[in-house]
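Listing of final.cif; format and content: mmCIF, C-alpha atoms.
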```cif
data_my_file
loop_
_atom_site.group_PDB
_atom_site.id
_atom_site.type_symbol
_atom_site.label_atom_id
_atom_site.label_comp_id
_atom_site.auth_asym_id
_atom_site.auth_seq_id
_atom_site.Cartn_x
_atom_site.Cartn_y
_atom_site.Cartn_z
ATOM 1 C CA MET A 314 81.308 105.799 85.741
ATOM 2 C CA GLN A 315 82.677 102.276 85.367
ATOM 3 C CA GLN A 316 80.793 101.894 82.072
ATOM 4 C CA ASP A 317 82.039 105.291 80.841
ATOM 5 C CA LEU A 318 85.625 104.196 81.432
ATOM 6 C CA LYS A 319 85.228 100.829 79.735
ATOM 7 C CA PRO A 320 86.373 101.970 76.224
ATOM 8 C CA ILE A 321 89.506 103.560 77.734
ATOM 9 C CA ARG A 322 90.171 100.437 79.798
ATOM 10 C CA VAL A 323 89.881 98.207 76.704
ATOM 11 C CA PHE A 324 92.077 100.537 74.635
ATOM 12 C CA LEU A 325 94.804 100.655 77.309
ATOM 13 C CA GLU A 326 94.762 96.875 77.709
ATOM 14 C CA VAL A 327 95.070 96.349 73.950
ATOM 15 C CA ALA A 328 97.991 98.770 73.889
ATOM 16 C CA ARG A 329 99.657 97.070 76.877
ATOM 17 C CA LEU A 330 99.338 93.552 75.472
ATOM 18 C CA GLN A 331 99.788 94.649 71.837
ATOM 19 C CA GLY A 332 96.869 92.576 70.635
ATOM 20 C CA PHE A 333 93.072 92.393 70.675
ATOM 21 C CA ALA A 334 92.856 88.686 71.452
ATOM 22 C CA ALA A 335 95.171 88.896 74.472
ATOM 23 C CA ALA A 336 93.409 92.014 75.769
ATOM 24 C CA ALA A 337 89.970 90.418 75.309
ATOM 25 C CA LYS A 338 91.064 87.341 77.271
ATOM 26 C CA SER A 339 92.455 89.524 80.052
ATOM 27 C CA LEU A 340 89.192 91.509 80.270
ATOM 28 C CA GLY A 341 86.850 88.521 79.938
ATOM 29 C CA MET A 342 85.288 89.498 76.604
ATOM 30 C CA THR A 343 85.492 88.407 72.970
ATOM 31 C CA ALA A 344 88.107 89.763 70.581
ATOM 32 C CA ALA A 345 85.313 91.037 68.318
ATOM 33 C CA SER A 346 83.826 93.063 71.178
ATOM 34 C CA ALA A 347 87.227 94.562 72.032
ATOM 35 C CA THR A 348 87.754 95.483 68.387
ATOM 36 C CA ARG A 349 84.355 97.208 68.124
ATOM 37 C CA ILE A 350 84.853 99.153 71.380
ATOM 38 C CA VAL A 351 88.235 100.514 70.286
ATOM 39 C CA ALA A 352 86.886 101.359 66.828
ATOM 40 C CA ARG A 353 84.056 103.407 68.384
ATOM 41 C CA LEU A 354 86.587 105.166 70.632
ATOM 42 C CA GLU A 355 88.625 106.116 67.569
ATOM 43 C CA GLU A 356 85.467 107.486 65.957
ATOM 44 C CA GLU A 357 84.790 109.630 69.033
ATOM 45 C CA PHE A 358 88.308 111.056 68.977
ATOM 46 C CA GLY A 359 88.292 111.369 65.182
ATOM 47 C CA GLN A 360 91.813 109.928 65.192
ATOM 48 C CA GLN A 361 93.407 106.534 64.681
ATOM 49 C CA LEU A 362 94.789 105.351 68.011
ATOM 50 C CA LEU A 363 96.221 101.957 67.066
ATOM 51 C CA LEU A 364 98.218 100.589 64.130
ATOM 52 C CA ARG A 365 97.036 97.089 63.301
ATOM 53 C CA THR A 366 99.128 94.475 61.511
ATOM 54 C CA THR A 367 98.793 90.724 61.226
ATOM 55 C CA ARG A 368 101.509 90.274 63.836
ATOM 56 C CA GLN A 369 100.909 93.001 66.419
ATOM 57 C CA VAL A 370 99.105 96.167 67.417
ATOM 58 C CA SER A 371 100.970 99.354 68.309
ATOM 59 C CA LEU A 372 100.113 102.916 69.286
ATOM 60 C CA THR A 373 99.972 105.802 66.868
ATOM 61 C CA SER A 374 101.393 109.113 68.065
ATOM 62 C CA THR A 375 97.851 110.219 68.939
ATOM 63 C CA GLY A 376 97.223 106.894 70.664
ATOM 64 C CA ALA A 377 100.392 107.320 72.709
ATOM 65 C CA LEU A 378 99.191 110.768 73.825
ATOM 66 C CA VAL A 379 95.728 109.440 74.761
ATOM 67 C CA ALA A 380 97.274 106.510 76.635
ATOM 68 C CA ALA A 381 99.669 108.788 78.538
ATOM 69 C CA ARG A 382 96.833 111.073 79.621
ATOM 70 C CA TYR A 383 94.255 108.423 80.523
ATOM 71 C CA LYS A 384 96.431 105.768 82.167
ATOM 72 C CA PRO A 385 97.050 107.717 85.415
ATOM 73 C CA ILE A 386 93.376 108.748 85.525
ATOM 74 C CA LEU A 387 92.245 105.133 85.273
ATOM 75 C CA GLU A 388 94.826 104.010 87.842
ATOM 76 C CA ALA A 389 93.661 106.727 90.262
ATOM 77 C CA PHE A 390 90.022 105.724 89.745
ATOM 78 C CA ASP A 391 90.816 102.077 90.409
ATOM 79 C CA GLN A 392 92.761 102.990 93.564
ATOM 80 C CA VAL A 393 89.887 105.094 94.906
ATOM 81 C CA LYS A 394 87.484 102.243 94.203
ATOM 82 C CA ARG A 395 89.732 99.771 96.040
ATOM 83 C CA ASP A 396 89.987 102.163 98.981
ATOM 84 C CA LEU A 397 86.225 102.628 99.111
ATOM 85 C CA ASP A 398 85.591 98.909 98.825
ATOM 86 C CA ARG A 399 87.964 98.345 101.728
ATOM 87 C CA GLU A 400 86.295 101.078 103.805
ATOM 88 C CA MET A 401 82.894 99.493 103.229
ATOM 89 C CA GLN A 402 83.993 96.334 105.000
ATOM 90 C CA PRO A 403 83.045 96.497 108.694
ATOM 91 C CA HIS A 404 86.133 94.586 109.886
ATOM 92 C CA ARG A 405 88.915 95.848 107.621
ATOM 93 C CA GLY A 406 90.213 99.298 106.765
ATOM 94 C CA ARG A 407 91.480 102.485 108.389
ATOM 95 C CA LEU A 408 89.755 104.877 110.801
ATOM 96 C CA SER A 409 90.761 108.442 111.608
ATOM 97 C CA ILE A 410 89.586 109.434 115.109
ATOM 98 C CA ASN A 411 89.900 112.623 117.138
ATOM 99 C CA ALA A 412 89.627 112.607 120.948
ATOM 100 C CA PRO A 413 90.185 115.019 123.878
ATOM 101 C CA MET A 414 93.625 114.923 125.456
ATOM 102 C CA ALA A 415 92.751 113.843 129.015
ATOM 103 C CA PHE A 416 90.167 111.329 127.828
ATOM 104 C CA GLY A 417 92.579 109.922 125.260
ATOM 105 C CA LEU A 418 95.475 109.505 127.670
ATOM 106 C CA ARG A 419 93.350 107.746 130.279
ATOM 107 C CA LEU A 420 90.881 105.666 128.294
ATOM 108 C CA MET A 421 92.223 105.147 124.796
ATOM 109 C CA PRO A 422 95.208 102.842 125.565
ATOM 110 C CA GLY A 423 92.943 100.187 127.100
ATOM 111 C CA LEU A 424 90.268 100.733 124.482
ATOM 112 C CA ILE A 425 92.799 100.413 121.657
ATOM 113 C CA ASP A 426 94.174 97.201 123.162
ATOM 114 C CA SER A 427 90.702 95.642 123.350
ATOM 115 C CA PHE A 428 89.641 96.969 119.948
ATOM 116 C CA LYS A 429 92.742 95.643 118.178
ATOM 117 C CA LEU A 430 92.200 92.221 119.735
ATOM 118 C CA ALA A 431 88.654 92.205 118.374
ATOM 119 C CA TYR A 432 89.448 93.858 115.013
ATOM 120 C CA PRO A 433 93.107 93.278 114.106
ATOM 121 C CA ASN A 434 92.550 94.372 110.486
ATOM 122 C CA ILE A 435 91.233 97.841 111.324
ATOM 123 C CA ASP A 436 94.049 100.400 111.461
ATOM 124 C CA LEU A 437 93.619 103.463 113.679
ATOM 125 C CA ASN A 438 94.870 107.020 113.257
ATOM 126 C CA ILE A 439 94.142 108.811 116.547
ATOM 127 C CA ARG A 440 94.772 112.497 117.195
ATOM 128 C CA LEU A 441 94.359 114.047 120.637
ATOM 129 C CA THR A 442 93.266 117.657 121.033
ATOM 130 C CA ASP A 443 90.925 119.523 123.358
ATOM 131 C CA ARG A 444 89.986 121.858 120.509
ATOM 132 C CA LEU A 445 86.660 121.236 118.778
ATOM 133 C CA VAL A 446 87.922 120.220 115.351
ATOM 134 C CA ASP A 447 86.252 120.949 112.038
ATOM 135 C CA ILE A 448 85.574 117.298 111.331
ATOM 136 C CA VAL A 449 84.929 117.853 107.626
ATOM 137 C CA ALA A 450 87.891 120.138 106.899
ATOM 138 C CA GLU A 451 90.302 118.045 108.980
ATOM 139 C CA VAL A 452 89.095 114.761 107.478
ATOM 140 C CA SER A 453 88.219 112.664 110.522
ATOM 141 C CA ASP A 454 85.853 109.703 110.317
ATOM 142 C CA LEU A 455 84.522 110.518 113.778
ATOM 143 C CA SER A 456 85.382 112.512 116.859
ATOM 144 C CA ILE A 457 84.973 111.764 120.563
ATOM 145 C CA ARG A 458 83.911 114.808 122.561
ATOM 146 C CA VAL A 459 83.480 115.557 126.266
ATOM 147 C CA SER A 460 81.659 118.872 126.270
ATOM 148 C CA GLU A 461 78.535 120.831 127.001
ATOM 149 C CA PRO A 462 75.565 119.945 124.767
ATOM 150 C CA PRO A 463 76.524 120.777 121.163
ATOM 151 C CA THR A 464 75.196 123.706 119.170
ATOM 152 C CA ASP A 465 76.699 122.734 115.802
ATOM 153 C CA LYS A 466 73.885 121.759 113.438
ATOM 154 C CA SER A 467 76.062 120.866 110.425
ATOM 155 C CA THR A 468 77.365 117.581 111.854
ATOM 156 C CA ILE A 469 75.832 114.477 113.418
ATOM 157 C CA TRP A 470 76.070 114.145 117.200
ATOM 158 C CA ARG A 471 75.405 110.926 119.115
ATOM 159 C CA LYS A 472 75.109 111.409 122.861
ATOM 160 C CA LEU A 473 76.333 108.295 124.659
ATOM 161 C CA CYS A 474 76.043 109.304 128.289
ATOM 162 C CA GLU A 475 76.496 112.099 130.787
ATOM 163 C CA ILE A 476 79.738 112.563 132.690
ATOM 164 C CA PRO A 477 79.486 113.863 136.278
ATOM 165 C CA MET A 478 81.836 116.674 137.253
ATOM 166 C CA ARG A 479 83.654 116.735 140.592
ATOM 167 C CA ALA A 480 85.463 119.466 142.506
ATOM 168 C CA VAL A 481 88.647 117.891 143.882
ATOM 169 C CA ALA A 482 91.684 118.877 145.911
ATOM 170 C CA ALA A 483 94.538 117.153 147.700
ATOM 171 C CA PRO A 484 94.049 116.680 151.481
ATOM 172 C CA SER A 485 97.271 118.646 152.035
ATOM 173 C CA LEU A 486 95.628 121.803 150.669
ATOM 174 C CA PHE A 487 93.545 121.989 153.836
ATOM 175 C CA ASP A 488 96.626 122.148 156.028
ATOM 176 C CA ARG A 489 96.805 125.769 154.811
ATOM 177 C CA TYR A 490 93.198 126.620 153.979
ATOM 178 C CA PRO A 491 89.939 125.745 155.731
ATOM 179 C CA ARG A 492 87.982 122.977 154.022
ATOM 180 C CA PRO A 493 84.947 124.607 152.337
ATOM 181 C CA GLN A 494 81.497 123.614 153.573
ATOM 182 C CA THR A 495 79.554 125.682 151.029
ATOM 183 C CA PRO A 496 80.442 127.287 147.674
ATOM 184 C CA GLU A 497 80.632 130.662 149.454
ATOM 185 C CA ASP A 498 83.608 129.275 151.421
ATOM 186 C CA LEU A 499 85.691 128.773 148.257
ATOM 187 C CA ASP A 500 88.722 131.052 148.131
ATOM 188 C CA PRO A 501 89.093 132.335 144.525
ATOM 189 C CA LYS A 502 92.878 132.240 144.903
ATOM 190 C CA ILE A 503 92.854 128.426 144.987
ATOM 191 C CA CYS A 504 90.119 127.748 142.391
ATOM 192 C CA LEU A 505 91.843 126.448 139.260
ATOM 193 C CA SER A 506 90.146 127.311 135.966
ATOM 194 C CA TYR A 507 89.793 125.174 132.832
ATOM 195 C CA GLY A 508 89.042 126.633 129.409
ATOM 196 C CA ASP A 509 90.241 126.965 125.826
ATOM 197 C CA THR A 510 89.614 130.725 125.736
ATOM 198 C CA PRO A 511 90.967 133.530 127.952
ATOM 199 C CA ASP A 512 87.628 133.639 129.828
ATOM 200 C CA ARG A 513 87.884 132.213 133.302
ATOM 201 C CA GLU A 514 85.761 129.205 134.199
ATOM 202 C CA VAL A 515 82.513 129.697 136.110
ATOM 203 C CA TRP A 516 81.534 126.865 138.450
ATOM 204 C CA ARG A 517 77.766 126.405 138.818
ATOM 205 C CA PHE A 518 76.873 124.645 142.050
ATOM 206 C CA GLU A 519 73.302 123.577 142.824
ATOM 207 C CA LYS A 520 71.654 121.990 145.861
ATOM 208 C CA ALA A 521 67.958 121.599 146.610
ATOM 209 C CA GLY A 522 67.071 124.422 144.227
ATOM 210 C CA ALA A 523 69.777 126.777 145.545
ATOM 211 C CA LYS A 524 72.330 127.922 142.969
ATOM 212 C CA ARG A 525 75.776 129.391 143.542
ATOM 213 C CA LEU A 526 78.270 130.690 140.984
ATOM 214 C CA VAL A 527 82.029 130.735 141.594
ATOM 215 C CA THR A 528 84.490 132.318 139.143
ATOM 216 C CA ALA A 529 87.705 130.318 139.158
ATOM 217 C CA GLY A 530 91.112 131.052 137.693
ATOM 218 C CA GLN A 531 92.335 133.996 139.721
ATOM 219 C CA SER A 532 95.767 132.390 140.065
ATOM 220 C CA LEU A 533 95.759 129.673 137.347
ATOM 221 C CA HIS A 534 93.806 129.172 134.119
ATOM 222 C CA SER A 535 94.714 126.393 131.672
ATOM 223 C CA ASN A 536 93.310 124.580 128.653
ATOM 224 C CA ASN A 537 94.659 121.232 129.840
ATOM 225 C CA GLY A 538 92.800 119.136 132.411
ATOM 226 C CA ASP A 539 95.825 116.930 133.087
ATOM 227 C CA LEU A 540 97.837 119.962 134.187
ATOM 228 C CA LEU A 541 95.060 121.146 136.481
ATOM 229 C CA TYR A 542 94.722 117.709 138.051
ATOM 230 C CA ARG A 543 98.462 117.480 138.680
ATOM 231 C CA VAL A 544 98.480 120.953 140.249
ATOM 232 C CA ALA A 545 95.500 120.030 142.441
ATOM 233 C CA ARG A 546 97.141 116.742 143.421
ATOM 234 C CA LYS A 547 100.166 118.703 144.678
ATOM 235 C CA GLY A 548 97.930 120.613 147.072
ATOM 236 C CA LEU A 549 98.004 123.882 145.155
ATOM 237 C CA GLY A 550 94.310 124.351 144.471
ATOM 238 C CA ILE A 551 90.848 122.983 143.712
ATOM 239 C CA ALA A 552 89.908 121.828 140.194
ATOM 240 C CA VAL A 553 86.556 120.867 138.679
ATOM 241 C CA LEU A 554 87.128 117.911 136.361
ATOM 242 C CA PRO A 555 85.207 114.989 134.811
ATOM 243 C CA GLU A 556 84.678 112.042 137.148
ATOM 244 C CA PHE A 557 86.592 109.655 134.857
ATOM 245 C CA HIS A 558 89.566 111.999 135.206
ATOM 246 C CA VAL A 559 89.625 111.943 138.997
ATOM 247 C CA ALA A 560 88.048 108.590 139.972
ATOM 248 C CA GLU A 561 91.333 106.713 140.397
ATOM 249 C CA GLY A 562 92.925 109.576 142.320
ATOM 250 C CA VAL A 563 89.944 109.717 144.694
ATOM 251 C CA ALA A 564 90.097 105.942 145.215
ATOM 252 C CA ARG A 565 93.822 106.148 146.013
ATOM 253 C CA GLY A 566 93.360 109.086 148.375
ATOM 254 C CA GLU A 567 95.414 111.471 146.204
ATOM 255 C CA VAL A 568 92.515 113.917 146.089
ATOM 256 C CA ASP A 569 89.218 114.380 147.927
ATOM 257 C CA VAL A 570 85.880 115.368 146.449
ATOM 258 C CA ILE A 571 85.027 118.860 147.715
ATOM 259 C CA LEU A 572 81.408 119.858 148.443
ATOM 260 C CA PRO A 573 80.110 116.368 147.562
ATOM 261 C CA ASP A 574 76.530 117.315 148.483
ATOM 262 C CA TRP A 575 76.490 120.101 145.853
ATOM 263 C CA ASP A 576 75.859 119.199 142.198
ATOM 264 C CA LEU A 577 77.755 120.523 139.176
ATOM 265 C CA PRO A 578 76.356 120.375 135.612
ATOM 266 C CA SER A 579 77.298 117.159 133.853
ATOM 267 C CA LEU A 580 79.047 117.126 130.489
ATOM 268 C CA TRP A 581 78.066 115.036 127.496
ATOM 269 C CA LEU A 582 80.178 112.221 126.159
ATOM 270 C CA SER A 583 79.336 112.286 122.463
ATOM 271 C CA LEU A 584 80.517 110.937 119.188
ATOM 272 C CA TYR A 585 80.187 113.314 116.320
ATOM 273 C CA TYR A 586 80.544 112.610 112.651
ATOM 274 C CA PRO A 587 80.625 114.327 109.277
ATOM 275 C CA PRO A 588 77.147 114.652 107.742
ATOM 276 C CA TYR A 589 76.896 111.015 106.633
ATOM 277 C CA GLU A 590 73.604 109.846 105.148
ATOM 278 C CA ALA A 591 74.318 106.562 106.972
ATOM 279 C CA LEU A 592 77.270 105.553 109.149
ATOM 280 C CA PRO A 593 79.964 103.791 107.098
ATOM 281 C CA PRO A 594 80.421 100.182 108.265
ATOM 282 C CA LEU A 595 83.829 100.847 109.867
ATOM 283 C CA VAL A 596 82.479 103.844 111.769
ATOM 284 C CA ALA A 597 79.457 101.839 112.910
ATOM 285 C CA THR A 598 81.755 99.025 114.101
ATOM 286 C CA PHE A 599 83.840 101.423 116.214
ATOM 287 C CA THR A 600 80.755 103.208 117.563
ATOM 288 C CA GLU A 601 79.215 99.972 118.820
ATOM 289 C CA PHE A 602 82.480 98.768 120.357
ATOM 290 C CA PHE A 603 83.215 102.148 121.955
ATOM 291 C CA GLU A 604 79.876 102.341 123.745
ATOM 292 C CA ALA A 605 80.099 98.742 124.982
ATOM 293 C CA TYR A 606 83.652 99.276 126.261
ATOM 294 C CA LEU A 607 82.869 102.458 128.192
ATOM 295 C CA ALA A 608 79.746 100.971 129.782
ATOM 296 C CA ASP A 609 82.124 98.892 131.930
ATOM 297 C CA GLU A 610 84.314 101.865 132.944
ATOM 298 C CA THR A 611 83.827 104.094 135.991
ATOM 299 C CA GLY A 612 83.022 107.772 135.647
ATOM 300 C CA PHE A 613 80.390 107.438 132.919
ATOM 301 C CA ALA A 614 76.700 107.803 133.814
ATOM 302 C CA PHE A 615 75.121 105.345 131.371
ATOM 303 C CA ASP A 616 71.423 104.767 131.874
ATOM 304 C CA SER A 617 70.763 101.393 133.484
#
```
Starting from the coordinates I provided, produce the structure as structure tokens.
Amino acid sequence: MQQDLKPIRVFLEVARLQGFAAAAKSLGMTAASATRIVARLEEEFGQQLLLRTTRQVSLTSTGALVAARYKPILEAFDQVKRDLDREMQPHRGRLSINAPMAFGLRLMPGLIDSFKLAYPNIDLNIRLTDRLVDIVAEVSDLSIRVSEPPTDKSTIWRKLCEIPMRAVAAPSLFDRYPRPQTPEDLDPKICLSYGDTPDREVWRFEKAGAKRLVTAGQSLHSNNGDLLYRVARKGLGIAVLPEFHVAEGVARGEVDVILPDWDLPSLWLSLYYPPYEALPPLVATFTEFFEAYLADETGFAFDS
């Protein structure tokens, strides 16, 4: 492509500087080479593009038309090339990242602070949404997901770790309701449901091979984990949320873990990408930093 644009580049530089010698010096070539290249371009167009005199070179009317059409094309090509060159540097450029709302609000401020200290020349554009975005259509470099194992085969998924799920409630809830000892003891009226569709959440408890299903959301169903945690913290119900979401609240005594001897299916913490043939250097830089940062955080079951 660069070679295909060379005749146009030479022609535009001759027109700008109004001379072959000046243009050749600017482009790092001989005046004879610049003259031959423009002559061949005129042959291809079948039109004279430049008027040549002993004192200066100027555009013909056809040359002015060609210059007006090709100049913005060449400028756009050069800008794209500069952008790509910048993106190919592992420590300089701009990254567009998508992350879930609750995860982003809790983990991303500290991660951003550390990342910017390490990579001050990488700019970040971060969007928070619990919706599974179309990473190609919405033009993200990568997306952070906390979800069940993915089924999408058109993108690249990188599982980082599993995230335990915990059923939690404020101690004050049990001033009004008996504390459950088994899943069968759960009152559907106080089981808060998370989901991005109208379908109510089904909690799947397991212990020593025994399995129990509980349908939540009789009184409250929401697509926002932060809202459910705040409602649970006020003593209004039980919520099943990722451990990173509730760990601090449990440590402070705001909420208790309910049925701690029963297991709930873990979620995956994954990064997923457009269908790259290889990770771009900036994306690889963030991926490596992201995994190292979260390995030191609580609520993430990294393999030891």
When the PyMOL selection byres ((chain A and resi 430-438) around 8) is applied to the file above, which residues end up in the set, as a PDB file with C-alpha atoms, in the coordinates of the input?
```pdb
ATOM      1  CA  HIS A 404      86.133  94.586 109.886  1.00  0.00           C
ATOM      2  CA  ARG A 405      88.915  95.848 107.621  1.00  0.00           C
ATOM      3  CA  GLY A 406      90.213  99.298 106.765  1.00  0.00           C
ATOM      4  CA  ARG A 407      91.480 102.485 108.389  1.00  0.00           C
ATOM      5  CA  LEU A 408      89.755 104.877 110.801  1.00  0.00           C
ATOM      6  CA  SER A 409      90.761 108.442 111.608  1.00  0.00           C
ATOM      7  CA  ILE A 410      89.586 109.434 115.109  1.00  0.00           C
ATOM      8  CA  ASP A 426      94.174  97.201 123.162  1.00  0.00           C
ATOM      9  CA  SER A 427      90.702  95.642 123.350  1.00  0.00           C
ATOM     10  CA  PHE A 428      89.641  96.969 119.948  1.00  0.00           C
ATOM     11  CA  LYS A 429      92.742  95.643 118.178  1.00  0.00           C
ATOM     12  CA  ILE A 439      94.142 108.811 116.547  1.00  0.00           C
ATOM     13  CA  ARG A 440      94.772 112.497 117.195  1.00  0.00           C
TER      14      ARG A 440
END
```
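Counting all atoms listed in the file, the residue from A:Ser485, A:Ser532, A:Gln331, A:Thr600 that sits nearest to Asp569 (chain A) is A:Ser485.
Closest approach to Ile571 (chain A) among A:Tyr589, A:Phe333, A:Trp470, A:Phe518: A:Phe518, based on only C-alpha atoms.
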Find the axis-aligned box for region 507-522 of chain A, covering all its listed atoms and adding 6 Å on each side, and write its centre and edge lengths in Å to one decimal as lines of an AutoDock Vina configuration file.
```
center_x = 79.0
center_y = 127.6
center_z = 136.2
size_x = 35.9
size_y = 24.0
size_z = 32.9
```
Could you spell out the hits of the PyMOL selection byres ((chain A and resi 454) around 10) on the shown file, as a PDB file with C-alpha atoms, keeping the file's coordinate frame?
```pdb
ATOM      1  CA  ARG A 407      91.480 102.485 108.389  1.00  0.00           C
ATOM      2  CA  LEU A 408      89.755 104.877 110.801  1.00  0.00           C
ATOM      3  CA  SER A 409      90.761 108.442 111.608  1.00  0.00           C
ATOM      4  CA  ILE A 410      89.586 109.434 115.109  1.00  0.00           C
ATOM      5  CA  ASN A 411      89.900 112.623 117.138  1.00  0.00           C
ATOM      6  CA  ASN A 438      94.870 107.020 113.257  1.00  0.00           C
ATOM      7  CA  ILE A 448      85.574 117.298 111.331  1.00  0.00           C
ATOM      8  CA  VAL A 449      84.929 117.853 107.626  1.00  0.00           C
ATOM      9  CA  GLU A 451      90.302 118.045 108.980  1.00  0.00           C
ATOM     10  CA  VAL A 452      89.095 114.761 107.478  1.00  0.00           C
ATOM     11  CA  SER A 453      88.219 112.664 110.522  1.00  0.00           C
ATOM     12  CA  LEU A 455      84.522 110.518 113.778  1.00  0.00           C
ATOM     13  CA  SER A 456      85.382 112.512 116.859  1.00  0.00           C
ATOM     14  CA  TYR A 585      80.187 113.314 116.320  1.00  0.00           C
ATOM     15  CA  TYR A 586      80.544 112.610 112.651  1.00  0.00           C
ATOM     16  CA  PRO A 587      80.625 114.327 109.277  1.00  0.00           C
ATOM     17  CA  TYR A 589      76.896 111.015 106.633  1.00  0.00           C
ATOM     18  CA  LEU A 592      77.270 105.553 109.149  1.00  0.00           C
ATOM     19  CA  PRO A 593      79.964 103.791 107.098  1.00  0.00           C
ATOM     20  CA  LEU A 595      83.829 100.847 109.867  1.00  0.00           C
ATOM     21  CA  VAL A 596      82.479 103.844 111.769  1.00  0.00           C
TER      22      VAL A 596
END
```
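Taking CA of Leu420 (chain A) and CA of Met478 (chain A) as endpoints, the distance between them is 16.8 Å.
When the PyMOL selection byres ((chain A and resi 336) around 12) is evaluated against the file, it yields Arg322, Val323, Phe324, Leu325, Glu326, Val327, Ala328, Arg329, Leu330, Gln331, Gly332, Phe333, Ala334, Ala335, Ala337, Lys338, Ser339, Leu340, Gly341, Met342, Thr343, Ala344, Ala345, Ser346, Ala347, Thr348, Ile350, Val351 and Val370 of chain A.
With distances taken over all atoms listed in the file, A:Val553 is the one residue among A:Cys504, A:Val553, A:Leu584, A:Leu445 lying closest to Val570 (chain A).
CA of Val393 (chain A) is found 27.4 Å from CA of Glu355 (chain A).
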In Å, with one decimal, what is the gap from CA of Leu363 (chain A) to CA of Gly376 (chain A)? 6.2 Å
Residues near Thr375 (chain A), anyone? I mean within 9 Å using only C-alpha atoms, not counting same-chain ones fewer than 3 positions away, as a ChimeraX atom specification. /A:360-363,372,378-380
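For Thr528 (chain A), the residues within 9 Å (counting only C-alpha atoms, excluding itself and residues fewer than 3 positions away along the chain) are Pro501, Cys504, Ser506, Arg513, Glu514, Val515, Trp516, Arg517 and Gln531 of chain A.
Of the listed residues A:Ile476, A:Ala529, A:Val568, A:Ala352, the one whose atoms come nearest to Glu610 (chain A) is A:Ile476, with distances taken using all atoms listed in the file.
The nearest approach to Tyr542 (chain A) among the residues A:Glu497, A:Asp443, A:Glu556, A:Asp576, with all atoms listed in the file taken into account, belongs to A:Glu556.
Using only C-alpha atoms, the contacts of Ala552 (chain A) at a cut-off of 9 Å, with sequence neighbours closer than 4 positions omitted, comprise Arg479, Ala480, Val481, Ala482, Ile503, Cys504, Leu505, Ser506, Tyr507, Ala529, Gly538, Leu541, Tyr542, Val544 and Ala545 of chain A.
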Can you write out the residues you just picked, keeping C-alpha atoms, as a short mmCIF file (atom, residue, chain, number, x, y, z; two decimals), keeping the file's coordinate frame?
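This went into out-v1.cif:
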```cif
data_model
loop_
_atom_site.label_atom_id
_atom_site.label_comp_id
_atom_site.auth_asym_id
_atom_site.auth_seq_id
_atom_site.Cartn_x
_atom_site.Cartn_y
_atom_site.Cartn_z
CA ARG A 479 83.65 116.74 140.59
CA ALA A 480 85.46 119.47 142.51
CA VAL A 481 88.65 117.89 143.88
CA ALA A 482 91.68 118.88 145.91
CA ILE A 503 92.85 128.43 144.99
CA CYS A 504 90.12 127.75 142.39
CA LEU A 505 91.84 126.45 139.26
CA SER A 506 90.15 127.31 135.97
CA TYR A 507 89.79 125.17 132.83
CA ALA A 529 87.70 130.32 139.16
CA GLY A 538 92.80 119.14 132.41
CA LEU A 541 95.06 121.15 136.48
CA TYR A 542 94.72 117.71 138.05
CA VAL A 544 98.48 120.95 140.25
CA ALA A 545 95.50 120.03 142.44
#
```
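Take the candidates A:Val527, A:Ile469, A:Leu441, A:Leu549 and check each one against Leu486 (chain A) using only C-alpha atoms; the shortest distance goes to A:Leu549.
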